[in-house]
file coords_32.pdb (PDB, C-alpha atoms)
MODEL        1
ATOM      1  CA  MET A1452      85.587 119.339  97.622  1.00  0.00           C
ATOM      2  CA  PHE A1453      84.672 118.888 101.280  1.00  0.00           C
ATOM      3  CA  GLY A1454      80.931 119.542 100.997  1.00  0.00           C
ATOM      4  CA  TRP A1455      78.427 116.838 100.132  1.00  0.00           C
ATOM      5  CA  LEU A1456      80.557 115.701  97.178  1.00  0.00           C
ATOM      6  CA  GLY A1457      83.573 115.344  99.468  1.00  0.00           C
ATOM      7  CA  ARG A1458      81.566 113.216 101.902  1.00  0.00           C
ATOM      8  CA  LEU A1459      80.405 111.068  99.004  1.00  0.00           C
ATOM      9  CA  LEU A1460      83.924 110.546  97.645  1.00  0.00           C
ATOM     10  CA  LEU A1461      86.002 110.621 100.830  1.00  0.00           C
ATOM     11  CA  GLY A1462      83.598 109.432 103.515  1.00  0.00           C
ATOM     12  CA  SER A1463      82.440 111.193 106.640  1.00  0.00           C
ATOM     13  CA  GLY A1464      85.733 111.053 108.522  1.00  0.00           C
ATOM     14  CA  THR A1465      84.292 109.314 111.571  1.00  0.00           C
ATOM     15  CA  LEU A1466      85.494 106.484 113.774  1.00  0.00           C
ATOM     16  CA  LYS A1467      83.575 103.228 113.889  1.00  0.00           C
ATOM     17  CA  PRO A1468      81.450 102.875 117.051  1.00  0.00           C
ATOM     18  CA  GLU A1469      83.441  99.826 118.209  1.00  0.00           C
ATOM     19  CA  LEU A1470      86.716 101.768 118.037  1.00  0.00           C
ATOM     20  CA  ARG A1471      85.163 104.736 119.830  1.00  0.00           C
ATOM     21  CA  LYS A1472      84.101 102.385 122.661  1.00  0.00           C
ATOM     22  CA  GLU A1473      87.634 100.936 122.867  1.00  0.00           C
ATOM     23  CA  LEU A1474      89.103 104.435 123.185  1.00  0.00           C
ATOM     24  CA  GLU A1475      86.536 105.364 125.851  1.00  0.00           C
ATOM     25  CA  ALA A1476      87.462 102.229 127.825  1.00  0.00           C
ATOM     26  CA  GLU A1477      91.149 103.227 127.586  1.00  0.00           C
ATOM     27  CA  GLY A1478      90.474 106.712 128.990  1.00  0.00           C
ATOM     28  CA  LEU A1479      89.387 108.935 126.117  1.00  0.00           C
ATOM     29  CA  VAL A1480      91.319 112.193 125.915  1.00  0.00           C
ATOM     30  CA  LEU A1481      90.200 113.649 122.568  1.00  0.00           C
ATOM     31  CA  ILE A1482      88.240 112.779 119.435  1.00  0.00           C
ATOM     32  CA  GLU A1483      88.259 114.937 116.311  1.00  0.00           C
ATOM     33  CA  GLU A1484      86.137 113.792 113.358  1.00  0.00           C
ATOM     34  CA  GLY A1485      85.395 115.068 109.875  1.00  0.00           C
ATOM     35  CA  LEU A1486      88.841 116.635 109.547  1.00  0.00           C
ATOM     36  CA  PRO A1487      89.811 117.639 106.028  1.00  0.00           C
ATOM     37  CA  GLY A1488      93.375 116.871 105.115  1.00  0.00           C
ATOM     38  CA  SER A1489      95.693 114.796 103.007  1.00  0.00           C
ATOM     39  CA  VAL A1490      98.111 111.885 103.022  1.00  0.00           C
ATOM     40  CA  ARG A1491     101.470 112.698 101.421  1.00  0.00           C
ATOM     41  CA  TYR A1492     104.065 110.125 100.400  1.00  0.00           C
ATOM     42  CA  THR A1493     107.813 110.742 100.060  1.00  0.00           C
ATOM     43  CA  HIS A1494     110.075 107.979  98.681  1.00  0.00           C
ATOM     44  CA  PHE A1495     107.553 105.446 100.029  1.00  0.00           C
ATOM     45  CA  LYS A1496     108.125 101.792  99.128  1.00  0.00           C
ATOM     46  CA  ALA A1497     106.161  98.763 100.290  1.00  0.00           C
ATOM     47  CA  PRO A1498     105.332  95.474  98.583  1.00  0.00           C
ATOM     48  CA  GLY A1499     103.299  96.405  95.510  1.00  0.00           C
ATOM     49  CA  ARG A1500     103.423 100.155  96.243  1.00  0.00           C
ATOM     50  CA  ARG A1501     105.862 102.887  95.282  1.00  0.00           C
ATOM     51  CA  PHE A1502     104.893 106.518  95.740  1.00  0.00           C
ATOM     52  CA  HIS A1503     106.917 109.707  95.655  1.00  0.00           C
ATOM     53  CA  GLY A1504     105.178 113.044  95.725  1.00  0.00           C
ATOM     54  CA  LYS A1505     101.733 111.473  95.786  1.00  0.00           C
ATOM     55  CA  VAL A1506      99.128 113.524  97.677  1.00  0.00           C
ATOM     56  CA  THR A1507      95.720 112.011  98.427  1.00  0.00           C
ATOM     57  CA  PRO A1508      92.932 114.205  99.846  1.00  0.00           C
ATOM     58  CA  GLU A1509      91.107 112.574 102.748  1.00  0.00           C
ATOM     59  CA  ARG A1510      88.523 113.292 105.423  1.00  0.00           C
ATOM     60  CA  MET A1511      89.951 111.870 108.639  1.00  0.00           C
ATOM     61  CA  ALA A1512      89.139 111.082 112.251  1.00  0.00           C
ATOM     62  CA  LEU A1513      91.670 111.255 115.064  1.00  0.00           C
ATOM     63  CA  GLY A1514      91.265 109.677 118.480  1.00  0.00           C
ATOM     64  CA  ILE A1515      93.556 109.917 121.493  1.00  0.00           C
ATOM     65  CA  SER A1516      93.172 107.834 124.645  1.00  0.00           C
ATOM     66  CA  ARG A1517      95.506 107.489 127.609  1.00  0.00           C
ATOM     67  CA  LYS A1518      96.994 104.388 125.930  1.00  0.00           C
ATOM     68  CA  ARG A1519      97.157 105.122 122.182  1.00  0.00           C
ATOM     69  CA  PHE A1520      96.271 107.334 119.253  1.00  0.00           C
ATOM     70  CA  VAL A1521      94.469 106.435 116.049  1.00  0.00           C
ATOM     71  CA  VAL A1522      93.875 108.118 112.693  1.00  0.00           C
ATOM     72  CA  TYR A1523      91.341 106.637 110.276  1.00  0.00           C
ATOM     73  CA  CYS A1524      89.786 107.701 106.972  1.00  0.00           C
ATOM     74  CA  LYS A1525      87.139 106.320 104.600  1.00  0.00           C
ATOM     75  CA  SER A1526      84.449 106.576 107.330  1.00  0.00           C
ATOM     76  CA  GLY A1527      86.535 104.471 109.702  1.00  0.00           C
ATOM     77  CA  ARG A1528      87.303 101.723 107.206  1.00  0.00           C
ATOM     78  CA  ALA A1529      90.942 102.631 106.465  1.00  0.00           C
ATOM     79  CA  LYS A1530      93.524 102.762 109.235  1.00  0.00           C
ATOM     80  CA  LEU A1531      96.271 105.339 108.757  1.00  0.00           C
ATOM     81  CA  ALA A1532      97.751 105.094 112.260  1.00  0.00           C
ATOM     82  CA  ASP A1533      96.978 103.071 115.383  1.00  0.00           C
ATOM     83  CA  SER A1534      99.799 103.025 117.876  1.00  0.00           C
ATOM     84  CA  ALA A1535     100.138 102.552 121.606  1.00  0.00           C
ATOM     85  CA  PHE A1536     102.154 105.233 123.385  1.00  0.00           C
ATOM     86  CA  THR A1537     104.379 102.437 124.740  1.00  0.00           C
ATOM     87  CA  SER A1538     105.242 101.161 121.239  1.00  0.00           C
ATOM     88  CA  PRO A1539     108.892 101.328 120.176  1.00  0.00           C
ATOM     89  CA  ASN A1540     107.616 102.339 116.726  1.00  0.00           C
ATOM     90  CA  LEU A1541     106.817 105.815 118.040  1.00  0.00           C
ATOM     91  CA  ARG A1542     110.472 106.689 117.480  1.00  0.00           C
ATOM     92  CA  GLY A1543     109.568 106.953 113.789  1.00  0.00           C
ATOM     93  CA  VAL A1544     106.632 109.343 114.383  1.00  0.00           C
ATOM     94  CA  ASP A1545     107.003 113.125 114.439  1.00  0.00           C
ATOM     95  CA  VAL A1546     104.221 115.589 115.261  1.00  0.00           C
ATOM     96  CA  SER A1547     104.410 119.212 114.155  1.00  0.00           C
ATOM     97  CA  LEU A1548     102.196 122.218 113.527  1.00  0.00           C
ATOM     98  CA  ASP A1549     101.730 123.814 110.120  1.00  0.00           C
ATOM     99  CA  GLY A1550     100.237 127.206 110.938  1.00  0.00           C
ATOM    100  CA  ASP A1551      97.504 127.624 113.535  1.00  0.00           C
ATOM    101  CA  ASP A1552      95.078 125.060 112.165  1.00  0.00           C
ATOM    102  CA  ARG A1553      97.100 122.112 110.828  1.00  0.00           C
ATOM    103  CA  VAL A1554      98.721 119.155 112.538  1.00  0.00           C
ATOM    104  CA  VAL A1555     101.235 117.071 110.598  1.00  0.00           C
ATOM    105  CA  ILE A1556     101.907 113.518 111.765  1.00  0.00           C
ATOM    106  CA  THR A1557     104.912 112.153 109.883  1.00  0.00           C
ATOM    107  CA  ILE A1558     105.734 108.456 109.953  1.00  0.00           C
ATOM    108  CA  ASP A1559     109.328 107.798 108.897  1.00  0.00           C
ATOM    109  CA  TYR A1560     109.575 104.116 108.025  1.00  0.00           C
ATOM    110  CA  ASP A1561     113.340 104.456 107.517  1.00  0.00           C
ATOM    111  CA  LYS A1562     113.656 104.783 111.336  1.00  0.00           C
ATOM    112  CA  LEU A1563     111.579 101.649 111.971  1.00  0.00           C
ATOM    113  CA  ASP A1564     112.408  97.974 111.700  1.00  0.00           C
ATOM    114  CA  ILE A1565     109.592  97.080 109.337  1.00  0.00           C
ATOM    115  CA  GLU A1566     110.740  94.741 106.607  1.00  0.00           C
ATOM    116  CA  ARG A1567     110.308  95.823 102.997  1.00  0.00           C
ATOM    117  CA  VAL A1568     108.800  99.237 103.908  1.00  0.00           C
ATOM    118  CA  SER A1569     110.696 102.525 103.605  1.00  0.00           C
ATOM    119  CA  GLY A1570     110.088 106.214 103.054  1.00  0.00           C
ATOM    120  CA  GLN A1571     107.790 108.698 104.764  1.00  0.00           C
ATOM    121  CA  VAL A1572     104.039 109.164 105.013  1.00  0.00           C
ATOM    122  CA  ALA A1573     102.758 112.502 106.327  1.00  0.00           C
ATOM    123  CA  LEU A1574      99.190 112.914 107.562  1.00  0.00           C
ATOM    124  CA  HIS A1575      98.084 116.553 107.281  1.00  0.00           C
ATOM    125  CA  LEU A1576      94.927 117.259 109.327  1.00  0.00           C
ATOM    126  CA  ARG A1577      93.137 120.616 109.553  1.00  0.00           C
ATOM    127  CA  THR A1578      91.517 121.290 112.925  1.00  0.00           C
ATOM    128  CA  GLY A1579      90.685 124.250 115.110  1.00  0.00           C
ATOM    129  CA  ASN A1580      92.354 122.367 117.990  1.00  0.00           C
ATOM    130  CA  ALA A1581      95.716 121.894 116.270  1.00  0.00           C
ATOM    131  CA  ARG A1582      97.793 123.057 119.247  1.00  0.00           C
ATOM    132  CA  ARG A1583      95.910 120.805 121.676  1.00  0.00           C
ATOM    133  CA  VAL A1584      96.148 117.789 119.362  1.00  0.00           C
ATOM    134  CA  ALA A1585      99.893 118.299 118.866  1.00  0.00           C
ATOM    135  CA  GLY A1586     100.390 118.812 122.606  1.00  0.00           C
ATOM    136  CA  GLU A1587      98.515 115.609 123.503  1.00  0.00           C
ATOM    137  CA  LEU A1588     100.441 113.570 120.928  1.00  0.00           C
ATOM    138  CA  ARG A1589     103.803 114.960 122.033  1.00  0.00           C
ATOM    139  CA  ALA A1590     103.058 114.267 125.713  1.00  0.00           C
TER     140      ALA A1590
ENDMDL
END

call {"tool": "encode", "arguments": {"input": "coords_32.pdb", "output": "structure tokens"}}
result
Amino acid sequence: MFGWLGRLLLGSGTLKPELRKELEAEGLVLIEEGLPGSVRYTHFKAPGRRFHGKVTPERMALGISRKRFVVYCKSGRAKLADSAFTSPNLRGVDVSLDGDDRVVITIDYDKLDIERVSGQVALHLRTGNARRVAGELRA
């Protein structure tokens, strides 16, 4: 699914040039693009959306600067995460490893004060630099 057909359906998994420039200006630490993975929903509720057990395959891009981290899909058109390291919302984010080549970024909306949103969204990204990515996000 992640060959040419995957790129056609899921996008290239790249960051938009403007966002890349922002991250570079903030002190770029790491960029990973074209990462195969999935978005998994558990008891997720938001206005007009209710998902439990839904798994959506995606091709994602991850960027880490000295100030924030971002995860986008759909060739940079869809934001999955964009959070400053100083944000109080990071208390609802957990980073873990799933084997040697997968990073799991779980956002637990039940721990956050976001009105009318609850449940968990887990971003599963496959990368050869899984340990480095997890280490940078945990630091």

call {"tool": "atom_distance", "arguments": {"input": "coords_32.pdb", "atom1": "CA of Arg1577 (chain A)", "atom2": "CA of Glu1483 (chain A)"}}
result
10.1 Å

call {"tool": "resolve_selection", "arguments": {"input": "coords_32.pdb", "expression": "the PyMOL selection byres ((chain A and resi 1586) around 12)", "output": "tab-separated table (two decimals) with C-alpha atoms, in the frame of the given file"}}
result
chain	number	residue	atom	x	y	z
A	1480	VAL	CA	91.32	112.19	125.92
A	1481	LEU	CA	90.20	113.65	122.57
A	1515	ILE	CA	93.56	109.92	121.49
A	1545	ASP	CA	107.00	113.12	114.44
A	1546	VAL	CA	104.22	115.59	115.26
A	1547	SER	CA	104.41	119.21	114.16
A	1548	LEU	CA	102.20	122.22	113.53
A	1554	VAL	CA	98.72	119.16	112.54
A	1580	ASN	CA	92.35	122.37	117.99
A	1581	ALA	CA	95.72	121.89	116.27
A	1582	ARG	CA	97.79	123.06	119.25
A	1583	ARG	CA	95.91	120.80	121.68
A	1584	VAL	CA	96.15	117.79	119.36
A	1585	ALA	CA	99.89	118.30	118.87
A	1587	GLU	CA	98.52	115.61	123.50
A	1588	LEU	CA	100.44	113.57	120.93
A	1589	ARG	CA	103.80	114.96	122.03
A	1590	ALA	CA	103.06	114.27	125.71

call {"tool": "resolve_selection", "arguments": {"input": "coords_32.pdb", "expression": "the PyMOL selection byres ((chain A and resi 1512) around 12)", "output": "ChimeraX atom specification"}}
result
/A:1461-1467,1470-1471,1481-1489,1509-1511,1513-1515,1520-1533,1574-1578

call {"tool": "atom_distance", "arguments": {"input": "coords_32.pdb", "atom1": "CA of Gly1550 (chain A)", "atom2": "CA of Ala1573 (chain A)"}}
result
15.6 Å

call {"tool": "closest_residue", "arguments": {"input": "coords_32.pdb", "among": "A:Val1490, A:Leu1474, A:Ser1516, A:Asp1564", "to": "His1503 (chain A)", "atoms": "all atoms listed in the file"}}
result
A:Val1490

call {"tool": "residues_around", "arguments": {"input": "coords_32.pdb", "residues": "Phe1536 (chain A)", "least_positions_apart": "4", "cutoff": "8 Å", "atoms": "only C-alpha atoms", "output": "PyMOL selection string"}}
result
chain A and resi 1518-1520+1541

call {"tool": "resolve_selection", "arguments": {"input": "coords_32.pdb", "expression": "the PyMOL selection byres ((chain A and resi 1498) around 12)", "output": "ChimeraX atom specification"}}
result
/A:1495-1497,1499-1502,1565-1569

call {"tool": "axis_aligned_box", "arguments": {"input": "coords_32.pdb", "around": "region 1548-1560 of chain A", "padding_each_side": "6 Å", "output": "JSON"}}
result
{"center_x": 102.3, "center_y": 115.9, "center_z": 110.8, "size_x": 26.5, "size_y": 35.5, "size_z": 17.5}

call {"tool": "residues_around", "arguments": {"input": "coords_32.pdb", "residues": "region 1557-1559 of chain A", "least_positions_apart": "3", "cutoff": "6 Å", "atoms": "only C-alpha atoms", "output": "PyMOL selection string"}}
result
chain A and resi 1543-1545+1562+1571-1573

call {"tool": "closest_residue", "arguments": {"input": "coords_32.pdb", "among": "A:Pro1468, A:Leu1563, A:Thr1493, A:Gly1570", "to": "Pro1539 (chain A)", "atoms": "only C-alpha atoms"}}
result
A:Leu1563

call {"tool": "atom_distance", "arguments": {"input": "coords_32.pdb", "atom1": "CA of Arg1542 (chain A)", "atom2": "CA of Glu1469 (chain A)"}}
result
27.9 Å
